[in-house]
Each structure stands twice: as C-alpha cells, then as structure tokens.
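*Asks:* See my_file08.csv below, with CSV, C-alpha atoms.
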```
chain,number,residue,atom,x,y,z
L,1,MET,CA,84.3,98.3,124.4
L,2,THR,CA,82.2,101.4,125.0
L,3,GLU,CA,81.9,104.2,122.6
L,4,GLU,CA,83.6,106.5,125.1
L,5,ASN,CA,86.6,104.3,125.1
L,6,SER,CA,86.7,103.5,121.4
L,7,ARG,CA,86.1,106.8,119.7
L,8,VAL,CA,87.6,110.3,120.1
L,9,SER,CA,86.8,113.6,118.6
L,10,GLY,CA,88.7,116.8,118.1
L,11,SER,CA,91.8,116.9,120.2
L,12,GLN,CA,90.7,114.3,122.7
L,13,ARG,CA,92.9,111.2,122.7
L,14,HIS,CA,93.0,107.9,124.5
L,15,GLU,CA,94.7,107.9,127.9
L,16,LYS,CA,94.6,104.1,128.1
L,17,ILE,CA,96.0,101.5,125.7
L,18,SER,CA,93.6,99.6,123.5
L,19,LEU,CA,94.0,95.8,123.0
L,20,LEU,CA,92.7,93.4,120.5
L,21,ARG,CA,93.4,89.6,120.7
L,22,GLY,CA,92.6,87.1,118.0
L,23,LYS,CA,94.0,85.8,114.7
L,24,LEU,CA,96.5,88.5,113.7
L,25,LEU,CA,97.6,89.1,110.1
L,26,LEU,CA,101.2,90.4,109.9
L,27,ALA,CA,103.1,91.4,106.8
L,28,ASP,CA,104.5,87.9,106.2
L,29,GLU,CA,102.6,85.5,108.5
L,30,ILE,CA,99.4,84.9,110.4
L,31,LEU,CA,99.4,84.4,114.1
L,32,GLU,CA,96.6,82.1,115.1
L,33,ASP,CA,96.7,83.7,118.5
L,34,GLY,CA,98.0,87.2,118.4
L,35,VAL,CA,97.5,90.5,120.2
L,36,ILE,CA,97.8,94.1,119.0
L,37,ALA,CA,98.0,97.1,121.4
L,38,TRP,CA,97.9,100.8,120.6
L,39,ARG,CA,97.7,104.2,122.3
L,40,ASP,CA,96.4,107.2,120.5
L,41,GLU,CA,97.5,106.9,116.8
L,42,LYS,CA,100.4,104.4,117.2
L,43,ILE,CA,100.7,100.7,117.5
L,44,LEU,CA,102.7,99.7,120.6
L,45,TYR,CA,102.9,96.0,120.0
L,46,ALA,CA,101.8,93.3,117.5
L,47,GLY,CA,102.7,89.7,118.2
L,48,ILE,CA,102.1,86.7,120.4
L,49,PRO,CA,100.3,87.3,123.7
L,50,GLU,CA,103.3,86.0,125.7
L,51,GLY,CA,105.5,88.8,124.4
L,52,LEU,CA,103.2,91.6,125.5
L,53,PRO,CA,105.1,93.9,127.8
L,54,GLU,CA,103.8,93.9,131.4
L,55,GLN,CA,103.5,97.7,131.3
L,56,ILE,CA,101.1,97.5,128.5
L,57,ARG,CA,99.0,94.9,130.3
L,58,ARG,CA,98.8,97.2,133.3
L,59,GLU,CA,97.8,100.3,131.4
L,60,ALA,CA,95.4,98.7,128.9
L,61,LEU,CA,91.7,98.9,128.6
L,62,PRO,CA,89.8,95.6,129.0
L,63,LEU,CA,90.8,93.2,126.2
L,64,LEU,CA,88.5,93.2,123.2
L,65,SER,CA,88.5,89.7,121.7
L,66,VAL,CA,87.9,88.9,118.1
L,67,PRO,CA,84.9,86.8,117.1
L,68,ASP,CA,85.7,83.1,116.9
L,69,ARG,CA,87.9,82.3,113.9
L,70,GLY,CA,88.0,86.0,113.1
L,71,LEU,CA,90.9,88.0,111.9
L,72,ILE,CA,92.7,91.3,112.5
L,73,VAL,CA,94.1,92.9,109.4
L,74,PRO,CA,95.6,96.2,108.4
L,75,GLY,CA,93.3,98.9,107.1
L,76,PHE,CA,92.7,99.0,103.4
L,77,ILE,CA,94.2,101.7,101.1
L,78,ASP,CA,92.2,102.6,98.0
L,79,ILE,CA,94.3,104.5,95.4
L,80,HIS,CA,91.6,104.6,92.8
L,81,VAL,CA,88.1,105.7,94.0
L,82,HIS,CA,85.8,108.3,92.5
L,83,GLY,CA,83.1,108.5,95.3
L,84,GLY,CA,80.4,106.7,97.2
L,85,ASN,CA,77.4,107.3,99.4
L,86,GLY,CA,75.8,109.4,96.7
L,87,GLU,CA,78.8,111.8,96.2
L,88,ASP,CA,81.5,112.3,93.6
L,89,PHE,CA,85.0,113.7,94.3
L,90,MET,CA,84.4,116.0,91.3
L,91,ASP,CA,81.9,117.8,93.4
L,92,ALA,CA,84.3,118.2,96.3
L,93,SER,CA,83.4,120.2,99.3
L,94,PRO,CA,83.9,119.6,103.0
L,95,GLU,CA,80.5,117.9,103.2
L,96,VAL,CA,81.0,115.8,100.1
L,97,LEU,CA,84.5,114.7,101.3
L,98,ASP,CA,83.1,113.8,104.7
L,99,LYS,CA,80.3,111.7,103.1
L,100,ILE,CA,82.7,109.8,100.8
L,101,THR,CA,85.4,109.1,103.4
L,102,SER,CA,83.0,108.3,106.2
L,103,PHE,CA,81.2,105.7,104.0
L,104,HIS,CA,84.4,104.0,102.8
L,105,SER,CA,85.8,104.0,106.3
L,106,THR,CA,82.9,101.8,107.4
L,107,GLN,CA,84.0,99.4,104.6
L,108,GLY,CA,87.5,99.0,105.9
L,109,THR,CA,89.2,101.8,104.0
L,110,THR,CA,91.5,103.8,106.2
L,111,ALA,CA,93.4,105.8,103.5
L,112,MET,CA,92.5,106.7,99.9
L,113,LEU,CA,93.3,108.9,97.0
L,114,ALA,CA,90.6,111.3,95.8
L,115,THR,CA,90.3,110.3,92.1
L,116,SER,CA,89.3,112.8,89.5
L,117,MET,CA,87.7,112.5,86.1
L,118,THR,CA,88.5,113.9,82.7
L,119,ALA,CA,87.2,117.5,82.9
L,120,PRO,CA,88.0,121.1,82.0
L,121,LYS,CA,91.0,122.6,83.8
L,122,GLU,CA,89.0,125.0,86.0
L,123,ARG,CA,87.0,122.1,87.4
L,124,LEU,CA,90.1,120.1,88.2
L,125,ASP,CA,91.5,123.3,89.8
L,126,SER,CA,88.5,123.3,92.1
L,127,VAL,CA,88.9,119.6,93.1
L,128,LEU,CA,92.6,120.1,94.0
L,129,ALA,CA,91.8,123.2,96.0
L,130,GLU,CA,89.1,121.5,98.0
L,131,VAL,CA,91.0,118.3,98.7
L,132,ASP,CA,94.1,120.4,99.7
L,133,ARG,CA,91.9,122.4,102.1
L,134,TYR,CA,90.3,119.3,103.6
L,135,ARG,CA,93.7,117.7,104.2
L,136,SER,CA,94.8,120.6,106.3
L,137,GLY,CA,92.0,119.7,108.8
L,138,GLU,CA,91.5,116.8,111.1
L,139,MET,CA,90.1,114.3,108.5
L,140,PRO,CA,87.9,112.3,110.9
L,141,TYR,CA,87.3,109.3,108.7
L,142,ALA,CA,89.4,107.5,106.0
L,143,GLN,CA,92.5,109.7,105.4
L,144,LEU,CA,92.8,111.4,102.0
L,145,GLU,CA,96.5,110.9,101.1
L,146,GLY,CA,96.2,113.1,98.1
L,147,VAL,CA,94.7,113.1,94.6
L,148,HIS,CA,94.8,110.7,91.7
L,149,LEU,CA,94.4,112.5,88.4
L,150,GLU,CA,92.7,110.0,86.1
L,151,GLY,CA,92.9,112.0,82.9
L,152,PRO,CA,92.4,114.2,81.0
L,153,PHE,CA,95.5,112.9,79.1
L,154,PHE,CA,93.8,109.9,77.5
L,155,SER,CA,93.3,108.3,74.1
L,156,PRO,CA,90.1,109.3,72.5
L,157,LYS,CA,89.8,105.7,71.3
L,158,TRP,CA,89.5,104.4,74.9
L,159,PRO,CA,87.4,107.0,76.9
L,160,GLY,CA,85.6,104.4,78.9
L,161,ALA,CA,83.2,106.4,81.2
L,162,GLN,CA,85.2,109.6,80.8
L,163,ASN,CA,83.8,112.5,78.8
L,164,PRO,CA,85.7,112.5,75.4
L,165,GLU,CA,85.0,116.2,75.0
L,166,HIS,CA,87.5,117.0,77.7
L,167,ILE,CA,90.3,114.7,76.6
L,168,ILE,CA,93.5,116.6,75.6
L,169,LEU,CA,97.1,115.9,74.8
L,170,PRO,CA,99.4,115.5,77.9
L,171,ASP,CA,100.5,119.0,79.1
L,172,VAL,CA,103.3,119.2,81.6
L,173,SER,CA,102.6,122.9,82.2
L,174,TRP,CA,99.3,122.0,84.0
L,175,LEU,CA,101.1,119.6,86.3
L,176,GLU,CA,103.9,122.0,87.0
L,177,ALA,CA,101.5,124.8,88.0
L,178,TRP,CA,99.5,122.4,90.2
L,179,GLU,CA,102.6,121.1,91.9
L,180,LYS,CA,103.8,124.6,92.6
L,181,GLN,CA,100.5,125.6,94.1
L,182,TYR,CA,99.8,122.3,96.0
L,183,PRO,CA,103.1,120.7,96.7
L,184,GLY,CA,102.8,116.9,97.2
L,185,LEU,CA,99.0,116.8,96.7
L,186,ILE,CA,99.0,115.0,93.4
L,187,ARG,CA,100.2,111.4,94.0
L,188,GLN,CA,99.2,109.6,90.8
L,189,VAL,CA,98.6,110.6,87.2
L,190,THR,CA,97.0,108.3,84.7
L,191,LEU,CA,97.6,108.9,81.0
L,192,ALA,CA,97.8,107.3,77.6
L,193,PRO,CA,101.6,106.9,77.1
L,194,GLU,CA,101.4,106.8,73.3
L,195,ARG,CA,100.0,110.3,73.0
L,196,GLU,CA,102.2,113.3,71.9
L,197,GLY,CA,103.9,114.8,74.9
L,198,ALA,CA,103.3,111.8,77.2
L,199,LEU,CA,107.0,110.8,77.6
L,200,GLU,CA,107.9,114.3,78.7
L,201,VAL,CA,105.1,114.2,81.3
L,202,ILE,CA,106.2,110.8,82.5
L,203,SER,CA,109.8,111.9,82.9
L,204,TRP,CA,108.6,115.0,84.9
L,205,LEU,CA,106.4,112.8,87.1
L,206,ARG,CA,109.3,110.5,87.8
L,207,GLU,CA,111.4,113.5,88.9
L,208,GLN,CA,108.6,114.6,91.2
L,209,ARG,CA,108.2,111.1,92.6
L,210,ILE,CA,104.5,111.0,91.4
L,211,THR,CA,103.2,107.7,90.1
L,212,ALA,CA,103.0,107.7,86.3
L,213,ALA,CA,100.3,105.2,85.3
L,214,LEU,CA,98.9,104.0,82.0
L,215,GLY,CA,95.2,103.8,81.4
L,216,HIS,CA,92.5,104.5,78.8
L,217,THR,CA,95.2,103.8,76.3
L,218,ASP,CA,95.6,102.6,72.7
L,219,ALA,CA,99.3,101.9,73.3
L,220,THR,CA,101.1,99.0,71.7
L,221,TYR,CA,103.4,96.8,73.7
L,222,GLU,CA,106.4,98.7,72.3
L,223,GLU,CA,105.0,102.1,73.2
L,224,VAL,CA,104.4,101.0,76.8
L,225,GLU,CA,107.9,99.7,77.1
L,226,ARG,CA,109.3,103.1,75.9
L,227,ALA,CA,107.1,104.8,78.5
L,228,VAL,CA,108.5,102.4,81.2
L,229,GLU,CA,112.0,103.5,80.3
L,230,ALA,CA,110.9,107.1,80.8
L,231,GLY,CA,109.5,106.3,84.2
L,232,LEU,CA,106.0,104.8,83.9
L,233,HIS,CA,105.6,102.1,86.5
L,234,HIS,CA,101.9,101.5,87.2
L,235,ALA,CA,98.7,100.4,85.4
L,236,VAL,CA,95.2,101.4,86.4
L,237,HIS,CA,92.3,98.9,86.3
L,238,THR,CA,94.3,96.3,84.4
L,239,PHE,CA,92.6,94.8,81.3
L,240,ASN,CA,90.0,97.5,81.3
L,241,ALA,CA,90.3,100.5,78.8
L,242,MET,CA,93.6,99.3,77.3
L,243,THR,CA,94.7,97.4,74.2
L,244,PRO,CA,94.2,93.7,75.0
L,245,LEU,CA,96.6,90.7,75.0
L,246,HIS,CA,96.9,88.9,71.7
L,247,HIS,CA,99.6,86.2,71.1
L,248,ARG,CA,101.1,88.2,68.2
L,249,LEU,CA,100.1,91.7,69.5
L,250,PRO,CA,100.7,91.7,73.2
L,251,GLY,CA,99.3,95.3,73.6
L,252,ALA,CA,99.3,97.3,76.7
L,253,ALA,CA,97.8,94.4,78.7
L,254,GLY,CA,100.6,92.2,77.6
L,255,ALA,CA,103.2,94.8,78.7
L,256,VAL,CA,101.6,95.0,82.1
L,257,LEU,CA,101.6,91.3,82.5
L,258,SER,CA,105.1,90.7,81.3
L,259,ASP,CA,107.1,93.7,82.7
L,260,SER,CA,108.0,93.3,86.3
L,261,ARG,CA,108.6,97.0,86.6
L,262,ILE,CA,104.8,97.7,86.3
L,263,SER,CA,102.5,97.4,89.3
L,264,ALA,CA,98.9,96.5,88.4
L,265,GLU,CA,95.6,97.6,89.8
L,266,VAL,CA,92.6,95.3,89.5
L,267,ILE,CA,88.9,95.8,90.2
L,268,ALA,CA,87.9,92.5,91.9
L,269,ASP,CA,84.1,92.7,91.6
L,270,GLY,CA,83.3,89.8,89.3
L,271,ILE,CA,82.1,92.3,86.6
L,272,HIS,CA,85.2,94.1,85.3
L,273,VAL,CA,87.6,91.1,85.2
L,274,HIS,CA,87.0,87.4,85.1
L,275,PRO,CA,88.4,85.6,88.2
L,276,ALA,CA,90.6,83.5,86.0
L,277,ALA,CA,92.2,86.6,84.5
L,278,ILE,CA,92.7,88.0,88.0
L,279,SER,CA,94.3,84.7,89.0
L,280,ILE,CA,96.8,85.0,86.1
L,281,LEU,CA,97.5,88.6,87.0
L,282,ALA,CA,98.1,87.7,90.6
L,283,GLN,CA,100.4,84.8,89.8
L,284,LEU,CA,102.6,87.2,87.8
L,285,LYS,CA,102.4,90.2,90.2
L,286,GLN,CA,101.9,89.1,93.8
L,287,HIS,CA,105.4,87.6,94.3
L,288,ASP,CA,106.9,91.1,93.6
L,289,ASP,CA,104.1,92.7,95.7
L,290,GLN,CA,102.8,94.5,92.6
L,291,LEU,CA,99.2,93.6,92.7
L,292,VAL,CA,96.9,96.4,93.9
L,293,LEU,CA,93.3,96.0,94.8
L,294,ILE,CA,91.1,99.1,93.9
L,295,THR,CA,87.4,99.8,93.9
L,296,ASP,CA,87.1,102.4,91.1
L,297,ALA,CA,83.9,103.1,93.0
L,298,MET,CA,81.5,105.8,91.9
L,299,SER,CA,78.8,107.7,93.7
L,300,ALA,CA,76.4,104.8,93.8
L,301,ALA,CA,78.7,102.7,96.0
L,302,GLY,CA,76.7,101.9,99.2
L,303,LEU,CA,73.3,102.8,97.6
L,304,ASP,CA,70.6,101.0,95.8
L,305,ASP,CA,70.2,100.5,92.0
L,306,GLY,CA,69.1,103.6,90.1
L,307,GLU,CA,70.3,106.6,88.1
L,308,TYR,CA,73.5,108.4,89.1
L,309,LYS,CA,76.3,110.4,87.5
L,310,ILE,CA,80.0,109.8,87.2
L,311,GLY,CA,81.7,113.2,86.6
L,312,ASP,CA,79.1,114.8,84.3
L,313,LEU,CA,77.9,111.7,82.6
L,314,PRO,CA,74.6,109.9,83.5
L,315,VAL,CA,74.9,106.3,84.8
L,316,ILE,CA,72.4,103.5,85.3
L,317,VAL,CA,73.1,101.0,88.1
L,318,LYS,CA,71.4,97.7,87.8
L,319,HIS,CA,72.1,94.7,90.0
L,320,GLY,CA,75.1,96.7,91.3
L,321,GLU,CA,76.6,97.1,87.9
L,322,ALA,CA,77.2,100.7,86.8
L,323,ARG,CA,77.1,101.5,83.1
L,324,LEU,CA,76.8,104.8,81.1
L,325,LYS,CA,73.3,105.6,80.2
L,326,ASP,CA,74.5,106.4,76.7
L,327,GLY,CA,76.6,103.6,75.1
L,328,GLY,CA,76.6,101.2,78.0
L,329,ALA,CA,80.3,101.4,78.9
L,330,LEU,CA,81.2,100.2,82.4
L,331,ALA,CA,81.2,103.4,84.6
L,332,GLY,CA,83.4,102.6,87.5
L,333,SER,CA,81.9,100.3,90.1
L,334,THR,CA,79.9,100.0,93.3
L,335,LEU,CA,82.6,97.9,94.9
L,336,THR,CA,84.0,98.4,98.3
L,337,MET,CA,87.4,97.3,99.5
L,338,ILE,CA,86.1,94.7,101.9
L,339,ARG,CA,84.0,93.1,99.1
L,340,GLY,CA,87.1,93.2,96.8
L,341,PHE,CA,89.2,91.6,99.6
L,342,ARG,CA,86.6,88.9,100.1
L,343,TYR,CA,86.4,88.3,96.3
L,344,LEU,CA,90.2,87.9,96.1
L,345,VAL,CA,90.2,85.2,98.8
L,346,GLN,CA,86.9,83.4,98.2
L,347,GLU,CA,86.5,83.6,94.4
L,348,VAL,CA,90.1,84.0,93.1
L,349,GLY,CA,91.7,81.8,95.7
L,350,LEU,CA,94.4,84.2,97.0
L,351,SER,CA,95.8,83.6,100.4
L,352,LEU,CA,94.8,86.0,103.2
L,353,ASN,CA,98.3,87.4,103.2
L,354,ALA,CA,98.4,87.9,99.4
L,355,ALA,CA,95.0,89.6,99.5
L,356,SER,CA,96.0,91.8,102.4
L,357,ARG,CA,99.2,92.9,100.7
L,358,ALA,CA,97.2,93.9,97.6
L,359,ALA,CA,94.7,95.8,99.7
L,360,SER,CA,97.1,97.5,102.1
L,361,LEU,CA,100.9,97.1,102.0
L,362,THR,CA,101.4,97.3,98.2
L,363,PRO,CA,99.4,100.5,97.8
L,364,ALA,CA,101.1,102.0,100.8
L,365,ARG,CA,104.5,101.3,99.2
L,366,LEU,CA,103.3,102.8,96.0
L,367,LEU,CA,102.4,106.0,97.8
L,368,GLY,CA,105.6,105.9,99.9
L,369,ILE,CA,103.7,105.7,103.2
L,370,ASP,CA,104.5,102.1,104.1
L,371,HIS,CA,106.8,103.4,106.9
L,372,ARG,CA,103.6,104.6,108.8
L,373,THR,CA,100.7,102.4,107.5
L,374,GLY,CA,99.9,99.4,105.4
L,375,SER,CA,100.8,96.7,107.9
L,376,LEU,CA,100.4,95.9,111.6
L,377,ALA,CA,103.7,96.7,113.2
L,378,GLN,CA,105.1,98.6,116.2
L,379,GLY,CA,105.4,102.3,115.5
L,380,LYS,CA,102.9,102.4,112.6
L,381,GLN,CA,99.5,104.0,112.7
L,382,ALA,CA,96.7,102.0,114.3
L,383,ASP,CA,94.9,101.5,111.0
L,384,ILE,CA,93.1,98.3,111.8
L,385,VAL,CA,90.2,96.2,110.4
L,386,LEU,CA,88.5,93.5,112.5
L,387,LEU,CA,86.8,90.7,110.5
L,388,ASN,CA,84.7,87.7,111.5
L,389,ALA,CA,85.0,84.2,110.1
L,390,GLU,CA,83.0,85.2,107.0
L,391,LEU,CA,85.3,88.2,106.4
L,392,ASP,CA,82.6,90.6,107.2
L,393,ILE,CA,83.6,93.8,109.1
L,394,GLU,CA,83.2,93.9,112.9
L,395,GLY,CA,85.2,97.1,113.5
L,396,VAL,CA,87.4,99.7,111.9
L,397,TRP,CA,90.0,101.9,113.5
L,398,VAL,CA,91.6,104.9,111.7
L,399,LYS,CA,94.7,106.2,113.4
L,400,GLY,CA,93.5,104.5,116.6
L,401,ARG,CA,90.0,105.9,116.5
L,402,ARG,CA,87.1,103.6,116.0
L,403,VAL,CA,84.7,104.4,113.2
L,404,GLY,CA,81.0,103.7,113.6
L,405,GLU,CA,79.2,101.3,115.9
L,406,SER,CA,77.9,98.6,113.5
L,407,TYR,CA,78.8,97.5,110.0
```
Any chance you could give the structure as structure tokens?
*Replies:*
Amino acid sequence: MTEENSRVSGSQRHEKISLLRGKLLLADEILEDGVIAWRDEKILYAGIPEGLPEQIRREALPLLSVPDRGLIVPGFIDIHVHGGNGEDFMDASPEVLDKITSFHSTQGTTAMLATSMTAPKERLDSVLAEVDRYRSGEMPYAQLEGVHLEGPFFSPKWPGAQNPEHIILPDVSWLEAWEKQYPGLIRQVTLAPEREGALEVISWLREQRITAALGHTDATYEEVERAVEAGLHHAVHTFNAMTPLHHRLPGAAGAVLSDSRISAEVIADGIHVHPAAISILAQLKQHDDQLVLITDAMSAAGLDDGEYKIGDLPVIVKHGEARLKDGGALAGSTLTMIRGFRYLVQEVGLSLNAASRAASLTPARLLGIDHRTGSLAQGKQADIVLLNAELDIEGVWVKGRRVGESY
C-alpha cells in the first residue's frame, strides 16, 4: 500500500475503502482467515472473507495481506503513561504532546490518557490547559482521551517516584474547579483512600463518572473496602506503591485481588511485577475483564539508557530500568504497549484474546469509549494494529490513518 493511499493529513480523507486480510482478533474469538474493511475513520466490516459485501469489494483499494501467521488486533489504549521520546506530559505544549503521542502511536497505542505527577496546583493547571487545547485540534497521532491525575492526594509513606514535597490531603475543591473549567477532561484520579477527605473526593468522582483509583497508598484492606463502598473501583500499577498482601493483613493488594468491583492495572515489563504475580492477578481479574495493561512510561521510553527526569525528579535509566537518582525507587518504566502485550502472551502465558482485552477493550470500557473503540467491529473507529508472527508491529492505523512507514 502506498503512502498516498495509507495516510491522510488535515481534512483529506480516503475516497476508497481499505482492506486487510489475515488472522483477525475479534472481541471473543480469533478468525484464522479474516478480513477488515474501513473507509475514513469507520470500520465497515470485520469477519470472514466470504461475508464481505460485494459493494465493498468493488470500491476497495488493493488488498493488503498480513504477513504469514501474523495478526490484526485492535489498537492499544494506555490509561497510565507519563511520557516518552524524551518528553514528559508535565511539560505539556503542542510540540511535547506531538512527540509523545507520535512515538507511542508507532508502538501500537491509538488512544491514551496524559498522566500527570504530584506537583503544585499551578503546574497541574498548566498541564490541564495544554491538553485541553491540544484535544480541540486534529490530534494526528495517538488520541488523547483526557487526563489521568496521578496525585497529589497520596500517602507520604508511599511516594514512589513522586515528589513528597507536593503531596497534600485530598481536596475536592481543586477537582470541582477543574471540572467546571474543563468539563470531561479529567478521566481518572489516583489517590490514597485512607487519607482525610478521600471518601468525599471518591463520592464526588463517582457522581462525575470519573474513575476513582487507589495508588501510592498505606491503606489497610478495611480502608480500601470502605472506599469501594464510596465509589472507588480501580487500582493503579497493582502491587507497586501499596500495602502488600499478607495472609493475616491482606492490605491494599489483598483488597484489589479479592474484590471483583476493583479493576487492576499492571506494568508487564518483567521489572515491576514478577510474571507469576501477574498470572495470579490475571486469573482473578481477566474473567471479569478487569485486567488493564499499562506502561507507566516516562520520558526515556524509546530512548537509550542515561539520565532523565520524571516530573521534577532526576532519574537514571540502566538496562531499560528507570530508578530515581536519589533513593533508587522505581520511576515509571520505559515500557511500550506492544512490549507489554508480548510479555503478557509470551512470558505470562495469557491467550491472545485475554492480552488484547487487557490492552484495548477493558481500558476502553473503563473510559466509557468502548462504543467507538477497543475492539474490531463494524461502526467502530478503525484503530488497528498489524502484527507479524513474532508479535512485532508491521503497521498502525489511528482512526483509519496509517502512522509511520516502518516500525
């Protein structure tokens, strides 16, 4: 397929229908021989070749076949990512947002949440303003579906790679003001549910249909359960920066594992969580579609080892592992969604369908956008990733537009 036929810019759109044929991963099954057709942003057909309408056959561009034993999957949705390609969402500007979203789109991410760090209010104000402004434009790469506020309402005992100087008690007035100024922009708020004022914030988030998530928390099992009753229903980077599971003190991790009302993120990079622990989490969560693959990627994602920053804290990346220069705490990751997807399949042993749901459909449902993306079905956006037999990327389409020429 030529660049002219596979990419568009500005208001230019396809006049012809694009076709891919190969192994096709649908929401609940894999078609060993399938075909997907789309025009402009929308999928027209996804199913067996014999069912392809004749009108589509007549109007379509030449068929693009998938590499032998390859796979067509829905685009990945990363709800917890701080940056990449040398840039951090905390330094948001049109150029920064282009660099982050363009890099992650080449790695299979077609939608994402710009994730903030614990910081002074005026800096968070700036991030929200820039992301809101960016979303009003075309967004040529991975789509920013909104903002994930990771902090500053954390436990000082579990700061992780967040600056403890900026941790404060949960304050609903901040969120009310932001929601009034930027309606619908904030999609997820991570907080420590045991902190004073947290239950009030969680109840408000539930009323606004914003995901209330636990993280960087010293909460007991009982405190998490009280928060769930108030409306908390998600956990960020499960097992990391939370009270661990003990057989007499289940902690926050035990609550996440045992409560079917809580969906659970996981960083599948072989550094943050042992594959056996991911397997246990998956066995408990995937049947209810509550396992969510994230990257938690920081600015070094896509670049070589060296010295970087996450927020305003210096980080050293060695052998792809990011740690704070002072104290050595894990500082996000250099993971990409395609590497996490491969890890779930090849190292943890999840099926392709289970890994795909964790990377695409479940985060789409969490954001309330599964009616338009997250799976390959007629009427949904043409957010598509083409993989070869080794699960390496051969092509990415965001809303029907092909990104890049080689991966």
*Asks:* Would you mind telling me which residue in L:Ala300, L:Val81, L:Ile168, L:Leu25 lies nearest to L:Glu196 when using all atoms listed in the file?
*Replies:* L:Ile168
*Asks:* Contacts of L:Asp218 at 8 Å or less, counting only C-alpha atoms, minus same-chain residues fewer than 5 places along, as a PyMOL selection string?
*Replies:* chain L and resi 155+157-158+192+194+242-243+252
*Asks:* Could you give me, as an NGL selection string, the residues within 12 Å of stretch 268-270 of chain L, counting only C-alpha atoms and dropping anything in the same chain fewer than 4 positions from it?
*Replies:* :L and (237-240 or 274-279 or 281-282 or 291-297 or 320-322 or 332-350 or 355 or 358-359)
*Asks:* Could you check the closest approach to L:Asp305 for each of L:Pro159, L:Gly86, L:Glu179, L:Leu386 and tell me which residue wins, using all atoms listed in the file?
*Replies:*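 Looking at the shortest contact to L:Asp305, the residue is L:Gly86.
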*Asks:* I'd like the contact shell of L:Val147 - 7 Å cut-off, only C-alpha atoms, skipping same-chain residues fewer than 2 positions apart - returned as a list of chain:residue names.
*Replies:* L:Leu113, L:Ala114, L:Thr115, L:Leu149, L:Leu185, L:Ile186, L:Arg187, L:Gln188
*Asks:* Using only C-alpha atoms, find each residue of stretch 131-215 of chain L with at least one atom at most 10 Å away from an atom of stretch 393-405 of chain L; report its shortest atom-to-atom pair and that distance in Å (one decimal), sort the rows by chain and rising residue number, and return the result as a Markdown table.
*Replies:*
```
| residue | atom | partner | partner_atom | distance |
| --- | --- | --- | --- | --- |
| L:Pro140 | CA | L:Val398 | CA | 8.3 |
| L:Tyr141 | CA | L:Val398 | CA | 6.8 |
| L:Ala142 | CA | L:Val398 | CA | 6.6 |
| L:Gln143 | CA | L:Val398 | CA | 8.0 |
```
*Asks:* Taking into account only C-alpha atoms, which residue in the set L:Leu214, L:Leu366, L:Leu169, L:Val224 is nearest to L:Val189?
*Replies:*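 Nearest to L:Val189: L:Leu214.
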*Asks:* Please identify all polymer residues within 7 Å of L:Met90, counting all atoms listed in the file, omitting same-chain residues fewer than 6 positions from it, and present them as a PyMOL selection string.
*Replies:* chain L and resi 116+127+311
*Asks:* Record the distance separating atom CA of L:Ser105 and atom CA of L:Gln208, expressed in Å with one decimal.
*Replies:*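 Atom-to-atom, atom CA of L:Ser105 and atom CA of L:Gln208 are spaced 29.3 Å apart.
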*Asks:* Separation of atom CA of L:Ile210 and atom CA of L:His234, in Å?
*Replies:* 10.7 Å
*Asks:* Using atom CA of L:Glu41 and atom CA of L:Asn353 as the two end points, give the distance in Å to one decimal.
*Replies:*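 Going from atom CA of L:Glu41 over to atom CA of L:Asn353 covers 23.8 Å.
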*Asks:* Here's a test: counting all atoms listed in the file, identify every protein, DNA and RNA residue with an atom at most 10 Å from (98.8, 91.4, 121.9) in the file's coordinate frame, and state them as an MDAnalysis selection string.
*Replies:* chainID L and resid 18:22 24 33:38 44:53 56:57 63
